[in-house]
$ cat protein.pdb   # PDB, C-alpha atoms, pLDDT in the B column
ATOM      1  CA  MET A  28      85.638  82.665 -62.593  1.00 44.00           C
ATOM      2  CA  SER A  29      89.410  82.661 -62.284  1.00 52.00           C
ATOM      3  CA  GLY A  30      89.134  84.500 -58.962  1.00 55.00           C
ATOM      4  CA  VAL A  31      86.720  83.869 -56.124  1.00 55.00           C
ATOM      5  CA  LEU A  32      84.740  86.939 -55.052  1.00 56.00           C
ATOM      6  CA  HIS A  33      84.751  87.392 -51.283  1.00 59.00           C
ATOM      7  CA  ALA A  34      82.769  90.604 -50.959  1.00 56.00           C
ATOM      8  CA  CYS A  35      81.533  93.714 -52.696  1.00 67.00           C
ATOM      9  CA  SER A  36      80.563  96.841 -50.837  1.00 65.00           C
ATOM     10  CA  GLY A  37      79.256 100.252 -51.718  1.00 67.00           C
ATOM     11  CA  GLY A  38      77.580 101.207 -54.937  1.00 59.00           C
ATOM     12  CA  ASP A  39      74.701 102.950 -53.225  1.00 48.00           C
ATOM     13  CA  GLY A  40      76.293 106.386 -52.829  1.00 55.00           C
ATOM     14  CA  GLY A  41      75.099 107.560 -56.219  1.00 58.00           C
ATOM     15  CA  ASP A  42      78.577 107.643 -57.754  1.00 68.00           C
ATOM     16  CA  GLY A  43      78.452 104.069 -59.084  1.00 80.00           C
ATOM     17  CA  GLU A  44      81.538 103.056 -57.101  1.00 87.00           C
ATOM     18  CA  TYR A  45      81.967  99.805 -55.223  1.00 87.00           C
ATOM     19  CA  ARG A  46      84.850  97.979 -53.579  1.00 90.00           C
ATOM     20  CA  PHE A  47      85.701  94.326 -53.966  1.00 91.00           C
ATOM     21  CA  TRP A  48      87.852  91.628 -52.414  1.00 90.00           C
ATOM     22  CA  LEU A  49      88.579  88.478 -54.368  1.00 90.00           C
ATOM     23  CA  SER A  50      91.103  85.676 -54.285  1.00 88.00           C
ATOM     24  CA  SER A  51      93.385  85.091 -57.222  1.00 89.00           C
ATOM     25  CA  ARG A  52      95.832  82.172 -57.143  1.00 89.00           C
ATOM     26  CA  GLY A  53      95.422  82.129 -53.356  1.00 86.00           C
ATOM     27  CA  ASP A  54      96.222  85.831 -52.962  1.00 86.00           C
ATOM     28  CA  LEU A  55      93.621  88.268 -51.590  1.00 90.00           C
ATOM     29  CA  VAL A  56      93.127  91.136 -54.051  1.00 92.00           C
ATOM     30  CA  ARG A  57      91.425  94.364 -52.990  1.00 94.00           C
ATOM     31  CA  GLY A  58      90.213  97.045 -55.347  1.00 94.00           C
ATOM     32  CA  ARG A  59      87.481  99.394 -56.432  1.00 93.00           C
ATOM     33  CA  VAL A  60      85.291  99.931 -59.465  1.00 91.00           C
ATOM     34  CA  ARG A  61      83.535 103.043 -60.740  1.00 90.00           C
ATOM     35  CA  SER A  62      80.771 102.232 -63.190  1.00 83.00           C
ATOM     36  CA  SER A  63      80.450 104.344 -66.293  1.00 81.00           C
ATOM     37  CA  LYS A  64      77.891 107.130 -66.346  1.00 80.00           C
ATOM     38  CA  GLY A  65      77.780 106.729 -70.127  1.00 75.00           C
ATOM     39  CA  GLY A  66      75.508 104.526 -72.143  1.00 71.00           C
ATOM     40  CA  PRO A  67      75.996 101.008 -73.488  1.00 72.00           C
ATOM     41  CA  GLY A  68      79.285  99.983 -75.037  1.00 79.00           C
ATOM     42  CA  GLN A  69      81.577 102.078 -72.870  1.00 87.00           C
ATOM     43  CA  PRO A  70      85.169 100.875 -72.372  1.00 92.00           C
ATOM     44  CA  LEU A  71      86.542  99.356 -69.169  1.00 93.00           C
ATOM     45  CA  VAL A  72      89.826 100.930 -68.079  1.00 95.00           C
ATOM     46  CA  VAL A  73      92.013  99.105 -65.571  1.00 96.00           C
ATOM     47  CA  VAL A  74      94.211 101.617 -63.747  1.00 96.00           C
ATOM     48  CA  ALA A  75      97.618 100.625 -62.342  1.00 95.00           C
ATOM     49  CA  ALA A  76      98.641 103.618 -60.286  1.00 92.00           C
ATOM     50  CA  PRO A  77     102.070 104.837 -59.287  1.00 89.00           C
ATOM     51  CA  GLY A  78     102.919 102.872 -56.174  1.00 87.00           C
ATOM     52  CA  GLY A  79     100.469 100.147 -57.229  1.00 91.00           C
ATOM     53  CA  GLY A  80      97.680 100.921 -54.749  1.00 93.00           C
ATOM     54  CA  ALA A  81      93.972 101.199 -55.568  1.00 95.00           C
ATOM     55  CA  ASP A  82      93.566 104.213 -53.264  1.00 94.00           C
ATOM     56  CA  HIS A  83      96.262 106.382 -54.856  1.00 93.00           C
ATOM     57  CA  PRO A  84      95.232 110.022 -55.570  1.00 93.00           C
ATOM     58  CA  TRP A  85      96.003 109.446 -59.268  1.00 92.00           C
ATOM     59  CA  VAL A  86      93.255 106.796 -59.314  1.00 94.00           C
ATOM     60  CA  ASP A  87      90.818 109.250 -57.713  1.00 93.00           C
ATOM     61  CA  ALA A  88      91.638 111.835 -60.398  1.00 92.00           C
ATOM     62  CA  LEU A  89      91.108 109.363 -63.264  1.00 93.00           C
ATOM     63  CA  PHE A  90      87.892 108.039 -61.713  1.00 93.00           C
ATOM     64  CA  ALA A  91      86.546 111.598 -61.505  1.00 91.00           C
ATOM     65  CA  ALA A  92      87.698 112.657 -64.987  1.00 93.00           C
ATOM     66  CA  TRP A  93      86.909 109.536 -67.023  1.00 94.00           C
ATOM     67  CA  SER A  94      83.789 108.011 -65.418  1.00 91.00           C
ATOM     68  CA  GLU A  95      81.525 110.009 -67.760  1.00 90.00           C
ATOM     69  CA  TRP A  96      82.613 107.778 -70.631  1.00 91.00           C
ATOM     70  CA  ALA A  97      84.305 104.678 -69.126  1.00 92.00           C
ATOM     71  CA  ALA A  98      83.982 102.143 -66.345  1.00 90.00           C
ATOM     72  CA  LEU A  99      87.175 102.133 -64.284  1.00 93.00           C
ATOM     73  CA  VAL A 100      88.781  99.613 -61.974  1.00 95.00           C
ATOM     74  CA  ALA A 101      91.850  99.855 -59.771  1.00 96.00           C
ATOM     75  CA  LEU A 102      93.360  97.070 -57.725  1.00 96.00           C
ATOM     76  CA  ASP A 103      96.215  96.685 -55.296  1.00 94.00           C
ATOM     77  CA  LEU A 104      99.022  95.186 -57.358  1.00 93.00           C
ATOM     78  CA  PRO A 105     101.147  92.396 -55.850  1.00 92.00           C
ATOM     79  CA  LEU A 106     103.426  93.776 -53.093  1.00 89.00           C
ATOM     80  CA  CYS A 107     101.496  97.087 -53.121  1.00 88.00           C
ATOM     81  CA  GLY A 108      98.682  98.665 -51.121  1.00 86.00           C
ATOM     82  CA  SER A 109      96.972  96.102 -48.896  1.00 90.00           C
ATOM     83  CA  ARG A 110      99.298  93.453 -50.344  1.00 91.00           C
ATOM     84  CA  ARG A 111     102.477  95.218 -49.252  1.00 89.00           C
ATOM     85  CA  SER A 112     105.102  93.065 -47.579  1.00 88.00           C
ATOM     86  CA  ASP A 113     107.538  94.698 -45.174  1.00 83.00           C
ATOM     87  CA  LYS A 114     110.135  92.077 -46.054  1.00 80.00           C
ATOM     88  CA  LEU A 115     109.713  91.892 -49.815  1.00 85.00           C
ATOM     89  CA  SER A 116     108.103  95.023 -51.283  1.00 83.00           C
ATOM     90  CA  GLU A 117     111.102  97.345 -51.005  1.00 81.00           C
ATOM     91  CA  TYR A 118     113.423  95.009 -52.900  1.00 83.00           C
ATOM     92  CA  GLY A 119     110.909  93.180 -55.055  1.00 84.00           C
ATOM     93  CA  LEU A 120     109.692  96.388 -56.700  1.00 82.00           C
ATOM     94  CA  ASP A 121     113.144  97.917 -57.216  1.00 83.00           C
ATOM     95  CA  PRO A 122     114.103  97.018 -60.815  1.00 80.00           C
ATOM     96  CA  GLY A 123     117.787  97.402 -59.952  1.00 86.00           C
ATOM     97  CA  HIS A 124     117.707  94.864 -57.121  1.00 88.00           C
ATOM     98  CA  ALA A 125     118.577  91.179 -57.646  1.00 91.00           C
ATOM     99  CA  ILE A 126     115.455  90.035 -55.779  1.00 89.00           C
ATOM    100  CA  ALA A 127     113.265  91.943 -58.255  1.00 87.00           C
ATOM    101  CA  ALA A 128     114.849  90.107 -61.165  1.00 88.00           C
ATOM    102  CA  GLN A 129     114.296  86.772 -59.410  1.00 92.00           C
ATOM    103  CA  ILE A 130     110.597  87.313 -58.702  1.00 90.00           C
ATOM    104  CA  ARG A 131     109.526  89.428 -61.687  1.00 89.00           C
ATOM    105  CA  GLY A 132     108.104  86.428 -63.591  1.00 92.00           C
ATOM    106  CA  ASP A 133     106.086  85.379 -60.538  1.00 93.00           C
ATOM    107  CA  LEU A 134     104.805  88.935 -60.037  1.00 91.00           C
ATOM    108  CA  GLU A 135     103.769  89.173 -63.699  1.00 92.00           C
ATOM    109  CA  SER A 136     101.970  85.806 -63.536  1.00 94.00           C
ATOM    110  CA  GLN A 137     100.191  86.783 -60.315  1.00 94.00           C
ATOM    111  CA  LEU A 138      99.164  90.146 -61.723  1.00 94.00           C
ATOM    112  CA  ALA A 139      98.021  88.555 -65.013  1.00 96.00           C
ATOM    113  CA  ALA A 140      95.733  86.245 -62.986  1.00 95.00           C
ATOM    114  CA  ASP A 141      94.553  89.220 -60.898  1.00 95.00           C
ATOM    115  CA  LEU A 142      93.752  91.273 -64.011  1.00 95.00           C
ATOM    116  CA  ALA A 143      91.798  88.418 -65.592  1.00 94.00           C
ATOM    117  CA  ALA A 144      89.819  87.859 -62.367  1.00 92.00           C
ATOM    118  CA  VAL A 145      89.014  91.556 -61.955  1.00 92.00           C
ATOM    119  CA  VAL A 146      87.898  91.971 -65.570  1.00 92.00           C
ATOM    120  CA  GLU A 147      85.711  88.873 -65.228  1.00 89.00           C
ATOM    121  CA  LEU A 148      84.208  90.287 -62.022  1.00 86.00           C
ATOM    122  CA  VAL A 149      83.314  93.604 -63.646  1.00 84.00           C
ATOM    123  CA  ARG A 150      81.959  91.970 -66.795  1.00 82.00           C
ATOM    124  CA  GLY A 151      79.801  89.673 -64.670  1.00 77.00           C
ATOM    125  CA  ARG A 152      78.504  92.377 -62.326  1.00 73.00           C
ATOM    126  CA  ASP A 153      78.160  95.537 -64.375  1.00 65.00           C
ATOM    127  CA  ARG A 154      75.590  95.940 -67.100  1.00 60.00           C
ATOM    128  CA  PRO A 155      75.967  96.655 -69.918  1.00 64.00           C
ATOM    129  CA  ARG A 156      79.168  94.757 -70.547  1.00 70.00           C
ATOM    130  CA  PRO A 157      82.145  96.938 -71.514  1.00 75.00           C
ATOM    131  CA  ALA A 158      82.908  97.144 -75.223  1.00 77.00           C
ATOM    132  CA  CYS A 159      86.675  96.886 -74.768  1.00 88.00           C
ATOM    133  CA  VAL A 160      89.211  96.606 -71.959  1.00 93.00           C
ATOM    134  CA  SER A 161      92.257  98.870 -71.654  1.00 96.00           C
ATOM    135  CA  LEU A 162      95.099  99.244 -69.174  1.00 96.00           C
ATOM    136  CA  VAL A 163      96.507 102.603 -68.121  1.00 97.00           C
ATOM    137  CA  ALA A 164      99.600 102.370 -65.922  1.00 96.00           C
ATOM    138  CA  SER A 165     102.136 104.838 -64.615  1.00 94.00           C
ATOM    139  CA  GLY A 166     105.141 104.950 -62.351  1.00 90.00           C
ATOM    140  CA  PRO A 167     107.585 102.270 -61.263  1.00 85.00           C
ATOM    141  CA  THR A 168     105.087  99.391 -61.538  1.00 87.00           C
ATOM    142  CA  ALA A 169     103.986 100.323 -65.078  1.00 91.00           C
ATOM    143  CA  GLN A 170     106.413  98.064 -66.959  1.00 89.00           C
ATOM    144  CA  TRP A 171     105.473  94.883 -65.165  1.00 88.00           C
ATOM    145  CA  ALA A 172     101.780  95.842 -65.233  1.00 94.00           C
ATOM    146  CA  GLU A 173     102.136  96.151 -69.009  1.00 95.00           C
ATOM    147  CA  ALA A 174     103.815  92.722 -69.240  1.00 93.00           C
ATOM    148  CA  ALA A 175     101.084  91.185 -67.048  1.00 95.00           C
ATOM    149  CA  ALA A 176      98.309  92.713 -69.189  1.00 96.00           C
ATOM    150  CA  ARG A 177      99.872  91.272 -72.320  1.00 95.00           C
ATOM    151  CA  LYS A 178     100.187  87.886 -70.584  1.00 94.00           C
ATOM    152  CA  ALA A 179      96.531  88.025 -69.465  1.00 94.00           C
ATOM    153  CA  GLY A 180      95.402  88.989 -72.974  1.00 94.00           C
ATOM    154  CA  GLY A 181      92.384  90.994 -74.085  1.00 93.00           C
ATOM    155  CA  PHE A 182      93.711  94.462 -73.213  1.00 95.00           C
ATOM    156  CA  ASP A 183      93.706  96.955 -76.070  1.00 93.00           C
ATOM    157  CA  PRO A 184      95.176  99.472 -75.805  1.00 94.00           C
ATOM    158  CA  VAL A 185      97.816  99.080 -73.113  1.00 96.00           C
ATOM    159  CA  LEU A 186      99.152 102.540 -72.278  1.00 95.00           C
ATOM    160  CA  VAL A 187     102.072 103.073 -69.908  1.00 96.00           C
ATOM    161  CA  SER A 188     104.050 106.027 -68.639  1.00 95.00           C
ATOM    162  CA  ALA A 189     107.248 105.658 -66.649  1.00 91.00           C
ATOM    163  CA  GLU A 190     106.382 108.961 -64.979  1.00 92.00           C
ATOM    164  CA  SER A 191     104.760 108.722 -61.545  1.00 89.00           C
ATOM    165  CA  ASP A 192     102.622 111.739 -62.362  1.00 88.00           C
ATOM    166  CA  PRO A 193     102.018 111.813 -66.131  1.00 91.00           C
ATOM    167  CA  ASP A 194     101.330 115.270 -67.468  1.00 90.00           C
ATOM    168  CA  GLU A 195      97.986 116.453 -68.798  1.00 90.00           C
ATOM    169  CA  ALA A 196      99.065 115.938 -72.426  1.00 94.00           C
ATOM    170  CA  TRP A 197      99.816 112.232 -71.786  1.00 94.00           C
ATOM    171  CA  LEU A 198      96.467 111.739 -70.040  1.00 93.00           C
ATOM    172  CA  LEU A 199      94.609 113.509 -72.849  1.00 94.00           C
ATOM    173  CA  ASP A 200      96.349 111.317 -75.438  1.00 96.00           C
ATOM    174  CA  ALA A 201      95.506 108.178 -73.416  1.00 96.00           C
ATOM    175  CA  ALA A 202      91.857 109.212 -73.151  1.00 95.00           C
ATOM    176  CA  THR A 203      91.712 109.921 -76.888  1.00 95.00           C
ATOM    177  CA  ARG A 204      93.105 106.466 -77.700  1.00 95.00           C
ATOM    178  CA  ILE A 205      90.587 104.711 -75.408  1.00 94.00           C
ATOM    179  CA  ARG A 206      87.430 106.784 -75.672  1.00 90.00           C
ATOM    180  CA  PRO A 207      84.799 105.544 -78.141  1.00 78.00           C
TER     181      PRO A 207
END
$ encode --input "protein.pdb" --output "structure tokens"
Amino acid sequence: MSGVLHACSGGDGGDGEYRFWLSSRGDLVRGRVRSSKGGPGQPLVVVAAPGGGADHPWVDALFAAWSEWAALVALDLPLCGSRRSDKLSEYGLDPGHAIAAQIRGDLESQLAADLAAVVELVRGRDRPRPACVSLVASGPTAQWAEAAARKAGGFDPVLVSAESDPDEAWLLDAATRIRP
């Protein structure tokens, strides 16, 4: 496994959701997974929310709407959520700031490793294995989440919206492109 699993919790509340903590390239990654209520061969959708946190309301909405036909996972992206840095997050996530340009490659590499570790975790824990893996990202972190998914490989499709709150038509189109 490219990441080392530290803990999993939950999964007994009847909604098929559990939380995880794993290390990826020395960084502690926190996230959550909602198993699909569908049958075998359902897709796995990795959600990169606006603001980059696994507990964003947008993640809750997608988990509720799409768990009938997909397994979903959300993680705290580098410099976001539980990984936020008071010194670095403000400038490192601002695409117009010089610091962001300097660290973007490192952030993409870290996130690519995180994505690979999380997908491996879900594939190893959930049965049946997902048929395909997709990324859905929105907001300011979407562009570098897209670059990281392409670097990690194995994500198809990769769907991004620059909008922090994509409209219903965008979400419907994304679901149509992913859903079996």
$ residues_near_point --input "protein.pdb" --point "(88.2, 94.3, -53.0)" --cutoff "7 Å" --atoms "all atoms listed in the file" --output "list of chain:residue names"
A:Ala34, A:Cys35, A:Arg46, A:Phe47, A:Trp48, A:Leu49, A:Val56, A:Arg57, A:Gly58, A:Arg59
$ closest_residue --input "protein.pdb" --among "A:Ser63, A:Val72, A:Lys114, A:Glu195" --to "Ile126 (chain A)" --atoms "only C-alpha atoms"
A:Lys114
$ closest_residue --input "protein.pdb" --among "A:Gly132, A:Gly181, A:Pro67, A:Gly123" --to "Ala158 (chain A)" --atoms "all atoms listed in the file"
A:Pro67
$ atom_distance --input "protein.pdb" --atom1 "CA of Ala202 (chain A)" --atom2 "CA of Pro157 (chain A)"
15.7 Å
$ closest_residue --input "protein.pdb" --among "A:Val160, A:Leu104, A:Leu89, A:Ala175" --to "Leu199 (chain A)" --atoms "all atoms listed in the file"
A:Leu89
$ axis_aligned_box --input "protein.pdb" --around "region 57-71 of chain A" --padding-each-side "5 Å" --output "AutoDock Vina command-line options"
--center_x 83.5 --center_y 100.7 --center_z -64.0 --size_x 25.9 --size_y 22.8 --size_z 32.0
$ closest_residue --input "protein.pdb" --among "A:Pro184, A:Gly68, A:Gly108, A:Gly80" --to "Ile205 (chain A)" --atoms "only C-alpha atoms"
A:Pro184
$ closest_residue --input "protein.pdb" --among "A:Leu106, A:Ala75, A:Val145, A:Ala174" --to "Ala127 (chain A)" --atoms "only C-alpha atoms"
A:Leu106
$ closest_residue --input "protein.pdb" --among "A:Tyr45, A:Trp171, A:Tyr118, A:Phe90" --to "Ser188 (chain A)" --atoms "only C-alpha atoms"
A:Trp171
$ residues_around --input "protein.pdb" --residues "Asp82 (chain A)" --least-positions-apart "4" --cutoff "10 Å" --atoms "all atoms listed in the file" --output "ChimeraX atom specification"
/A:58-59,76,78,86-87,101-103,108-109
$ atom_distance --input "protein.pdb" --atom1 "CA of Ala125 (chain A)" --atom2 "CA of Trp85 (chain A)"
29.1 Å
$ atom_distance --input "protein.pdb" --atom1 "CA of Pro122 (chain A)" --atom2 "CA of Arg52 (chain A)"
23.8 Å
$ resolve_selection --input "protein.pdb" --expression "the PyMOL selection byres ((chain A and resi 198) around 12)" --output "MDAnalysis selection string"
chainID A and resid 85 88:89 92:93 163:165 186:188 190 192:197 199:206
$ residues_around --input "protein.pdb" --residues "Trp96 (chain A)" --least-positions-apart "6" --cutoff "9 Å" --atoms "all atoms listed in the file" --output "list in words"
Ser63, Lys64, Gly65, Gly66, Gln69, Pro70, Arg206 and Pro207 of chain A
$ residues_near_point --input "protein.pdb" --point "(104.0, 87.1, -67.1)" --cutoff "8 Å" --atoms "only C-alpha atoms" --output "MDAnalysis selection string"
chainID A and resid 132:139 174:175 177:179
$ decode --input "protein.pdb" --residues "region 167-192 of chain A" --atoms "N, CA and C atoms" --output "short mmCIF file (atom, residue, chain, number, x, y, z; two decimals), in the first residue's frame"
data_model
loop_
_atom_site.label_atom_id
_atom_site.label_comp_id
_atom_site.auth_asym_id
_atom_site.auth_seq_id
_atom_site.Cartn_x
_atom_site.Cartn_y
_atom_site.Cartn_z
N PRO A 167 -11.80 26.41 -5.88
CA PRO A 167 -10.43 26.86 -6.11
C PRO A 167 -9.39 25.75 -6.17
N THR A 168 -9.63 24.63 -5.52
CA THR A 168 -8.65 23.53 -5.52
C THR A 168 -8.84 22.57 -6.70
N ALA A 169 -9.87 22.79 -7.50
CA ALA A 169 -10.22 21.84 -8.56
C ALA A 169 -9.11 21.65 -9.59
N GLN A 170 -8.45 22.73 -9.99
CA GLN A 170 -7.43 22.60 -11.04
C GLN A 170 -6.25 21.76 -10.59
N TRP A 171 -5.77 21.98 -9.37
CA TRP A 171 -4.64 21.16 -8.96
C TRP A 171 -5.07 19.76 -8.54
N ALA A 172 -6.34 19.58 -8.14
CA ALA A 172 -6.84 18.22 -7.90
C ALA A 172 -6.90 17.46 -9.22
N GLU A 173 -7.30 18.14 -10.28
CA GLU A 173 -7.33 17.52 -11.61
C GLU A 173 -5.92 17.11 -12.04
N ALA A 174 -4.95 18.00 -11.89
CA ALA A 174 -3.57 17.69 -12.25
C ALA A 174 -3.03 16.51 -11.43
N ALA A 175 -3.36 16.47 -10.15
CA ALA A 175 -2.90 15.38 -9.28
C ALA A 175 -3.53 14.05 -9.69
N ALA A 176 -4.82 14.07 -10.05
CA ALA A 176 -5.49 12.84 -10.49
C ALA A 176 -4.87 12.31 -11.77
N ARG A 177 -4.52 13.19 -12.67
CA ARG A 177 -3.88 12.76 -13.91
C ARG A 177 -2.48 12.20 -13.62
N LYS A 178 -1.79 12.81 -12.66
CA LYS A 178 -0.46 12.33 -12.27
C LYS A 178 -0.56 10.96 -11.59
N ALA A 179 -1.58 10.77 -10.76
CA ALA A 179 -1.77 9.49 -10.07
C ALA A 179 -2.17 8.39 -11.05
N GLY A 180 -2.93 8.75 -12.07
CA GLY A 180 -3.38 7.79 -13.08
C GLY A 180 -4.57 6.97 -12.60
N GLY A 181 -5.30 6.42 -13.56
CA GLY A 181 -6.41 5.52 -13.25
C GLY A 181 -7.74 6.18 -13.00
N PHE A 182 -7.83 7.50 -13.13
CA PHE A 182 -9.10 8.21 -12.93
C PHE A 182 -9.73 8.49 -14.28
N ASP A 183 -10.97 8.00 -14.46
CA ASP A 183 -11.67 8.25 -15.71
C ASP A 183 -13.17 8.12 -15.46
N PRO A 184 -13.90 9.20 -15.57
CA PRO A 184 -13.48 10.53 -15.98
C PRO A 184 -12.97 11.38 -14.81
N VAL A 185 -12.34 12.48 -15.18
CA VAL A 185 -11.95 13.53 -14.24
C VAL A 185 -12.80 14.74 -14.60
N LEU A 186 -13.67 15.14 -13.68
CA LEU A 186 -14.63 16.21 -13.95
C LEU A 186 -14.40 17.35 -12.97
N VAL A 187 -14.16 18.56 -13.50
CA VAL A 187 -13.89 19.69 -12.63
C VAL A 187 -14.77 20.88 -12.99
N SER A 188 -15.10 21.63 -11.96
CA SER A 188 -15.83 22.89 -12.12
C SER A 188 -15.10 23.95 -11.31
N ALA A 189 -14.83 25.08 -11.93
CA ALA A 189 -14.18 26.17 -11.22
C ALA A 189 -15.14 26.82 -10.21
N GLU A 190 -16.41 26.54 -10.36
CA GLU A 190 -17.42 27.11 -9.45
C GLU A 190 -17.35 26.43 -8.09
N SER A 191 -17.47 27.20 -7.02
CA SER A 191 -17.46 26.62 -5.68
C SER A 191 -18.76 25.89 -5.36
N ASP A 192 -19.81 26.24 -6.06
CA ASP A 192 -21.10 25.58 -5.87
C ASP A 192 -21.69 25.30 -7.24
#
